[in-house]
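*Asks:* This one is start-v2.txt, compact mmCIF, C-alpha atoms and all ligand atoms.
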```txt
# COMPACT_ATOMS: atom_id res chain seq x y z
CA MET A 296 22.39 19.94 70.13
CA THR A 297 20.79 18.81 73.36
CA ARG A 298 23.10 18.60 76.34
CA LYS A 299 23.89 15.18 77.69
CA PRO A 300 24.49 13.68 81.10
CA ARG A 301 28.02 14.02 82.44
CA ALA A 302 30.12 11.03 83.39
CA ARG A 303 29.31 9.35 86.68
CA THR A 304 31.37 10.67 89.48
CA THR A 305 33.67 8.27 91.24
CA THR A 306 31.83 5.72 93.32
CA LYS A 307 33.81 5.02 96.45
CA GLY A 308 35.05 1.47 96.61
CA GLU A 309 33.91 0.57 93.09
CA ARG A 310 36.74 -0.31 90.74
CA GLY A 311 36.59 1.21 87.28
CA ARG A 312 37.10 -0.97 84.23
CA ILE A 313 37.59 -0.99 80.48
CA VAL A 314 34.36 -2.13 78.84
CA ALA A 315 36.01 -2.46 75.43
CA GLY A 316 39.12 -1.37 73.58
CA CYS A 317 38.69 -0.74 69.86
CA LEU A 318 40.78 0.04 66.82
CA THR A 319 38.67 2.74 65.16
CA PRO A 320 40.33 4.33 62.12
CA HIS A 321 39.29 7.85 61.28
CA PRO A 322 39.48 8.62 57.54
CA PRO A 323 37.18 11.65 57.16
CA HIS A 324 35.72 9.88 54.10
CA LEU A 325 33.77 7.58 56.46
CA VAL A 326 31.99 10.50 58.11
CA TYR A 327 31.46 12.19 54.74
CA ALA A 328 29.94 8.96 53.37
CA ASP A 329 27.50 8.71 56.32
CA ASN A 330 26.02 12.20 55.67
CA PRO A 331 25.48 13.09 59.35
CA LYS A 332 23.81 16.39 60.18
CA GLN A 333 27.00 17.68 61.83
CA ASN A 334 29.01 17.54 58.57
CA GLU A 335 28.44 20.19 55.92
CA ALA A 336 29.59 18.12 52.92
CA ARG A 337 27.12 15.74 51.23
CA SER A 338 27.96 12.41 49.56
CA GLU A 339 26.50 9.48 47.68
CA GLY A 340 27.92 6.98 50.19
CA GLY A 341 31.01 4.84 49.66
CA TRP A 342 33.45 2.76 51.76
CA GLU A 343 30.53 0.61 52.91
CA THR A 344 32.56 -2.39 54.12
CA ILE A 345 34.19 -0.25 56.80
CA ARG A 346 31.00 1.64 57.64
CA TRP A 347 29.13 -1.66 58.01
CA GLY A 348 31.95 -2.62 60.39
CA TYR A 349 31.25 0.47 62.47
CA GLU A 350 27.56 -0.41 62.41
CA ARG A 351 28.39 -3.83 63.87
CA LEU A 352 30.66 -2.25 66.50
CA ARG A 353 27.92 0.16 67.57
CA HIS A 354 25.49 -2.76 67.77
CA SER A 355 27.95 -4.72 69.92
CA LEU A 356 28.45 -1.78 72.29
CA ALA A 357 24.71 -1.13 72.52
CA ARG A 358 24.12 -4.32 74.50
CA ALA A 359 22.86 -3.44 77.97
CA THR A 360 25.74 -5.22 79.70
CA ARG A 361 28.26 -3.02 77.93
CA ASP A 362 27.15 0.46 78.93
CA TYR A 363 30.01 2.90 79.48
CA ASP A 364 30.48 6.29 81.12
CA VAL A 365 33.33 7.81 79.14
CA ILE A 366 35.17 7.43 75.82
CA LEU A 367 38.97 7.74 75.75
CA VAL A 368 40.43 8.42 72.32
CA HIS A 369 44.06 8.58 71.16
CA SER A 370 44.37 10.40 67.83
CA PRO A 371 47.19 10.64 65.25
CA HIS A 372 46.05 14.07 64.11
CA TRP A 373 46.47 15.94 67.34
CA ARG A 374 50.23 16.00 67.02
CA THR A 375 52.32 17.28 69.88
CA ARG A 376 56.06 17.72 69.56
CA VAL A 377 56.86 17.66 73.26
CA GLY A 378 54.96 15.27 75.49
CA HIS A 379 51.52 13.72 75.69
CA HIS A 380 48.71 16.27 75.92
CA PHE A 381 45.13 15.89 77.15
CA LEU A 382 42.02 17.94 76.45
CA GLY A 383 41.56 19.96 79.62
CA VAL A 384 38.44 22.08 79.00
CA PRO A 385 34.99 20.80 80.11
CA HIS A 386 33.21 21.59 76.86
CA PHE A 387 34.14 22.21 73.22
CA LYS A 388 31.94 23.56 70.45
CA SER A 389 33.14 24.78 67.07
CA LEU A 390 33.83 23.75 63.47
CA SER A 391 36.62 21.34 62.51
CA VAL A 392 37.83 21.38 58.89
CA ASP A 393 40.16 18.67 57.64
CA PRO A 394 43.25 20.44 56.25
CA ILE A 395 43.78 17.73 53.60
CA PHE A 396 40.14 17.09 52.68
CA PRO A 397 38.24 20.32 53.36
CA ASN A 398 35.85 19.26 50.58
CA LEU A 399 34.80 16.21 52.64
CA PHE A 400 34.99 17.16 56.30
CA ARG A 401 33.62 20.36 57.81
CA TYR A 402 32.21 19.05 61.05
CA ASN A 403 30.33 20.99 63.74
CA PHE A 404 31.45 19.45 67.02
CA ASP A 405 29.82 19.93 70.41
CA PHE A 406 30.83 17.66 73.28
CA ASP A 407 31.87 17.33 76.92
CA VAL A 408 35.26 16.33 78.30
CA ASP A 409 35.95 14.27 81.40
CA VAL A 410 38.68 16.60 82.65
CA GLU A 411 38.97 14.84 86.01
CA LEU A 412 39.93 11.52 84.44
CA ALA A 413 42.24 13.21 81.92
CA GLU A 414 44.09 14.99 84.71
CA ASP A 415 44.57 11.76 86.62
CA ILE A 416 46.03 9.98 83.56
CA ALA A 417 48.37 12.95 83.00
CA ARG A 418 49.44 12.82 86.65
CA ARG A 419 50.05 9.08 86.61
CA GLY A 420 51.87 9.30 83.27
CA ALA A 421 54.20 11.97 84.66
CA LYS A 422 54.97 9.73 87.63
CA LYS A 423 56.07 7.07 85.15
CA GLY A 424 58.54 9.49 83.56
CA LEU A 425 56.44 10.85 80.69
CA THR A 426 56.14 14.52 79.82
CA THR A 427 52.40 15.28 80.09
CA LYS A 428 50.39 18.48 79.75
CA MET A 429 46.75 19.55 80.00
CA MET A 430 45.48 21.56 77.01
CA ARG A 431 43.46 24.50 78.45
CA ASN A 432 42.66 26.53 75.31
CA PRO A 433 38.83 26.75 75.10
CA ASP A 434 39.01 27.77 71.41
CA TYR A 435 41.10 24.80 70.35
CA ARG A 436 40.10 23.23 67.02
CA ILE A 437 39.59 19.56 67.73
CA ASP A 438 41.33 17.37 65.14
CA TYR A 439 39.45 15.16 62.70
CA GLY A 440 41.10 11.97 64.05
CA THR A 441 39.45 12.52 67.43
CA ILE A 442 36.14 13.60 65.95
CA ALA A 443 35.80 10.92 63.26
CA ALA A 444 36.59 8.02 65.61
CA CYS A 445 34.18 9.28 68.29
CA HIS A 446 31.46 10.10 65.75
CA LEU A 447 31.63 6.69 64.07
CA VAL A 448 31.32 4.90 67.42
CA ASN A 449 28.87 7.26 69.14
CA PRO A 450 27.31 9.74 66.69
CA THR A 451 25.03 11.23 69.36
CA TRP A 452 28.03 12.35 71.47
CA ASP A 453 26.02 11.58 74.63
CA LYS A 454 29.15 10.55 76.56
CA PRO A 455 32.07 12.76 77.62
CA ILE A 456 35.46 12.02 76.13
CA VAL A 457 39.09 12.06 77.19
CA GLY A 458 41.17 13.26 74.22
CA ILE A 459 44.85 12.27 74.10
CA SER A 460 47.40 13.70 71.67
CA SER A 461 49.95 11.85 69.57
CA CYS A 462 53.45 12.67 70.80
CA ARG A 463 55.85 12.37 67.88
CA VAL A 464 58.45 10.29 69.71
CA TYR A 465 58.37 7.57 67.05
CA ASN A 466 59.55 10.15 64.51
CA ASP A 467 61.83 12.25 66.67
CA TYR A 468 63.58 9.36 68.44
CA SER A 469 62.75 5.82 67.30
CA ASN A 470 59.93 3.30 67.13
CA GLU A 471 61.36 1.60 70.21
CA VAL A 472 61.29 4.79 72.29
CA GLY A 473 57.76 5.39 71.08
CA GLN A 474 56.72 1.90 72.12
CA GLU A 475 58.15 2.32 75.61
CA GLN A 476 56.33 5.61 76.09
CA MET A 477 53.03 4.17 74.90
CA ARG A 478 53.51 1.20 77.21
CA ALA A 479 53.76 3.67 80.10
CA LEU A 480 50.86 5.81 78.87
CA GLY A 481 48.65 2.73 78.48
CA ALA A 482 49.44 1.58 82.02
CA ALA A 483 48.74 5.07 83.39
CA THR A 484 45.42 5.06 81.52
CA ARG A 485 44.37 1.68 82.92
CA GLU A 486 45.32 2.63 86.48
CA ALA A 487 43.43 5.93 86.29
CA ILE A 488 40.30 4.22 84.95
CA GLU A 489 40.40 1.64 87.74
CA ALA A 490 40.80 4.37 90.36
CA SER A 491 37.96 6.44 88.85
CA GLY A 492 35.22 3.83 89.33
CA LYS A 493 34.08 4.53 85.76
CA ARG A 494 33.30 2.23 82.86
CA ALA A 495 35.49 3.25 79.92
CA LEU A 496 35.48 2.69 76.18
CA LEU A 497 38.93 3.08 74.58
CA LEU A 498 39.42 4.07 70.93
CA ALA A 499 42.71 3.92 69.04
CA SER A 500 42.12 6.10 66.01
CA ASN A 501 44.73 4.87 63.53
CA SER A 502 44.63 2.87 60.30
CA ILE A 503 47.12 0.00 59.78
CA SER A 504 48.90 0.22 56.39
CA HIS A 505 48.98 3.79 55.20
CA ARG A 506 50.35 4.08 51.69
CA HIS A 507 47.79 6.20 49.91
CA PHE A 508 46.81 7.76 46.62
CA THR A 509 48.09 11.21 45.79
CA ARG A 510 45.24 12.18 43.41
CA GLU A 511 41.59 12.30 44.33
CA PRO A 512 38.99 11.09 41.80
CA ASN A 513 36.49 13.65 40.54
CA VAL A 514 33.83 11.91 42.62
CA PRO A 515 35.62 11.10 45.93
CA GLU A 516 33.18 8.28 46.73
CA ASP A 517 33.63 6.57 43.34
CA MET A 518 34.50 3.11 44.60
CA SER A 519 35.84 1.98 41.21
CA HIS A 520 39.02 3.85 42.26
CA GLU A 521 39.33 2.29 45.71
CA HIS A 522 41.85 -0.48 46.32
CA ILE A 523 45.02 -1.32 48.22
CA TYR A 524 48.06 0.45 46.79
CA HIS A 525 50.66 -2.29 47.18
CA HIS A 526 50.51 -6.04 47.91
CA GLY A 527 52.95 -5.77 50.82
CA GLN A 528 50.58 -3.34 52.52
CA HIS A 529 47.76 -5.87 52.25
CA LEU A 530 49.94 -8.64 53.69
CA TRP A 531 50.82 -6.50 56.73
CA ASP A 532 47.17 -5.59 57.27
CA MET A 533 46.13 -9.26 57.19
CA HIS A 534 49.00 -10.25 59.48
CA ALA A 535 48.12 -7.60 62.08
CA ILE A 536 44.42 -8.51 61.97
CA GLY A 537 45.33 -12.20 62.29
CA LEU A 538 47.39 -11.55 65.43
CA ALA A 539 44.51 -9.59 66.94
CA ARG A 540 41.99 -12.32 66.12
CA ASP A 541 44.34 -15.01 67.48
CA GLY A 542 44.64 -13.28 70.84
CA LYS A 543 48.31 -12.42 70.34
CA GLY A 544 48.20 -8.88 71.67
CA ARG A 545 51.74 -8.87 72.98
CA GLN A 546 53.15 -10.18 69.69
CA LEU A 547 51.20 -7.52 67.82
CA PHE A 548 52.68 -4.85 70.10
CA ASP A 549 56.19 -6.27 69.66
CA GLU A 550 55.90 -6.38 65.86
CA LEU A 551 54.57 -2.84 65.48
CA PRO A 552 58.05 -1.28 64.95
CA ASP A 553 58.51 -3.50 61.85
CA LEU A 554 54.96 -2.88 60.68
CA ILE A 555 55.44 0.87 61.03
CA ASP A 556 58.57 0.84 58.88
CA GLN A 557 57.40 -1.62 56.24
CA ALA A 558 53.76 -0.58 55.84
CA THR A 559 54.33 3.20 56.18
CA SER A 560 51.85 2.76 58.97
CA GLU A 561 49.92 5.38 60.88
CA ALA A 562 50.60 3.21 63.95
CA ASP A 563 53.64 5.45 64.39
CA ALA A 564 51.19 7.77 66.15
CA GLY A 565 51.16 5.27 69.03
CA CYS A 566 47.38 4.84 69.24
CA LEU A 567 47.30 1.07 68.82
CA SER A 568 50.30 0.61 71.12
CA TRP A 569 48.59 2.72 73.81
CA LEU A 570 45.44 0.62 73.43
CA LEU A 571 47.24 -2.73 73.65
CA SER A 572 49.12 -1.58 76.73
CA ALA A 573 45.97 -0.23 78.41
CA LEU A 574 44.34 -3.62 77.77
CA ASP A 575 47.43 -5.23 79.35
CA PHE A 576 48.33 -6.95 76.06
CA PRO A 577 45.21 -9.06 75.45
CA ASN A 578 45.72 -12.81 75.17
CA TYR A 579 42.10 -13.23 74.08
CA PRO A 580 40.75 -12.74 70.55
CA ALA A 581 39.48 -9.47 69.12
CA GLU A 582 36.32 -9.32 67.05
CA LEU A 583 36.89 -8.04 63.53
CA HIS A 584 33.87 -5.92 62.65
CA GLY A 585 35.07 -4.71 59.27
CA TYR A 586 38.01 -3.97 56.97
CA GLY A 587 38.51 -1.92 53.85
CA THR A 588 40.72 0.65 52.18
CA VAL A 589 40.32 4.41 52.04
CA ILE A 590 42.43 6.08 49.34
CA GLY A 591 44.45 2.86 49.52
CA THR A 592 45.11 2.83 53.29
CA GLY A 593 44.16 -0.29 55.28
CA ASN A 594 41.46 0.22 57.89
CA ALA A 595 40.25 -2.43 60.33
CA VAL A 596 37.52 -2.00 62.93
CA LEU A 597 38.52 -4.28 65.80
CA GLU A 598 37.08 -4.76 69.29
CA TRP A 599 38.70 -6.35 72.31
CA ASP A 600 36.27 -7.18 75.13
CA PRO A 601 38.18 -7.93 78.35
CA ASN A 602 35.11 -9.57 79.92
CA PRO A 603 34.77 -13.25 78.88
CA LYS A 604 31.10 -13.19 79.91
CA THR A 605 30.16 -10.55 77.33
CA ARG A 606 32.84 -11.27 74.70
CA GLN A 607 31.38 -12.28 71.33
CA VAL A 608 33.94 -13.33 68.75
CA THR A 609 33.40 -14.88 65.32
CA PRO A 610 35.50 -18.06 65.13
CA ARG A 611 38.47 -17.76 62.81
CA LEU A 612 37.97 -20.55 60.27
CA MET A 613 40.13 -19.22 57.42
CA THR A 614 43.91 -19.33 57.65
FE FE B 701 45.00 9.78 59.53
```
The structure given in the file should be rewritten as structure tokens.
Ligand SMILES: [Fe+2]

*Replies:*
Amino acid sequence: MTRKPRARTTTKGERGRIVAGCLTPHPPHLVYADNPKQNEARSEGGWETIRWGYERLRHSLARATRDYDVILVHSPHWRTRVGHHFLGVPHFKSLSVDPIFPNLFRYNFDFDVDVELAEDIARRGAKKGLTTKMMRNPDYRIDYGTIAACHLVNPTWDKPIVGISSCRVYNDYSNEVGQEQMRALGAATREAIEASGKRALLLASNSISHRHFTREPNVPEDMSHEHIYHHGQHLWDMHAIGLARDGKGRQLFDELPDLIDQATSEADAGCLSWLLSALDFPNYPAELHGYGTVIGTGNAVLEWDPNPKTRQVTPRLMT
């Protein structure tokens, strides 16, 4: 792949900002269905409603007023037992194979990391009482949650990323402890971005409801098999999307502990909580770009634009 420009260095006196914060779920099926050159597996498509959603998100971010310097991504599949870890090597290049779906996802990754920004978030997080650590292994296999979210938003990988792990505090302690830590990590992220002078795109890489099939169809992209697994999961998905579209970011954050328990949600990775905190709990509506299920899990592509001058939101006319 051709090498890309690095992130802008800090411009003295210029305050950094979040250009957009997005919920960008990462089922490897979505990359598989797109047939990009980086992925070895080939498909006949599938899961179009979500992939059309990603198409709309990419179109929204491509507007000239929304250019960004760096992508920050919080992934459920880089799991760390102790503390919040950050990619700390300037460049990664290797092959990532999904341990659950090796038949779908064998992705050749090749990208830059904004180590300077990652280190500052880690430093600020530690000052807020979090355990943080830089990951310095140059041979590290990047997880498919990080790769799929970044690929689906920016398939050319022409921007450096900040990769953040999922600390398992929700599982080891409680949802409430997890929420408090993500509140702190989100604040540390926002403060570091502002101090950096950079324009940042934030990606939370989790699905919403997460009760899934246990048997794969012979043709994985056979959409006659694809549907929600349980009505309660659908109701939680619609409720969470409704709160986002109604501009009730704080209520969404506060209800996540119940959602996690009742919808077996992947939000227990903390990605969405981190995002809502970094956005300072948005009281403005998110744009819903797409929704659909993947092996029964509920996946919404949502975008919060903090800038009212560039924000484009479809009015919510249905109840
Ligand atoms: Fe996942």

*Asks:* Got a sec to check which residues sit within 8 Å of (44.6, 10.1, 50.1), counting only C-alpha atoms, and write them as a ChimeraX atom specification?

*Replies:* /A:507-511,589-592

*Asks:* 12 Å from ligand FE 701 (chain B) is the threshold here; counting all atoms listed in the file, which polymer residues fall inside it? Answer as a PyMOL selection string.

*Replies:* chain A and resi 319-325+369-374+393-396+438-444+461+499-507+559-564+566+589-590+592-594

*Asks:* So how many Å separate CA of Thr588 (chain A) and CA of Thr344 (chain A), to one decimal?

*Replies:*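 According to the coordinates, CA of Thr588 (chain A) and CA of Thr344 (chain A) are separated by 8.9 Å.
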
*Asks:* For Thr427 (chain A), please output as JSON, numbers by chain all residues within 6 Å (counting all atoms listed in the file; exclusion window: fewer than 4 positions along the same chain).

*Replies:* {"A": [378, 379, 380, 417, 421]}

*Asks:* Would you please work out which residue, of A:Arg376, A:Arg337, A:His525, A:Lys422, is nearest to Ala483 (chain A) when using all atoms listed in the file?

*Replies:*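 The closest residue to Ala483 (chain A) is A:Lys422.
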
*Asks:* Find the residue from A:Val472, A:Val365, A:Leu547, A:Val384 that sits nearest to Ile456 (chain A); use only C-alpha atoms when measuring.

*Replies:* A:Val365

*Asks:* How many Å lie between CA of Ser389 (chain A) and CA of Leu356 (chain A), rounded to one decimal?

*Replies:*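 We find that CA of Ser389 (chain A) and CA of Leu356 (chain A) lie 27.5 Å from each other.
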
*Asks:* Looking at all atoms listed in the file, which of A:Leu425, A:Val368, A:Met430, A:Ala479 is the one that sits closest to Cys445 (chain A)?

*Replies:* A:Val368

*Asks:* Which one of A:Asn403, A:Ser355, A:Thr451, A:Asn432 sits closest to Glu598 (chain A) if you count only C-alpha atoms?

*Replies:*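 With only C-alpha atoms as the atom set, the closest residue is A:Ser355.
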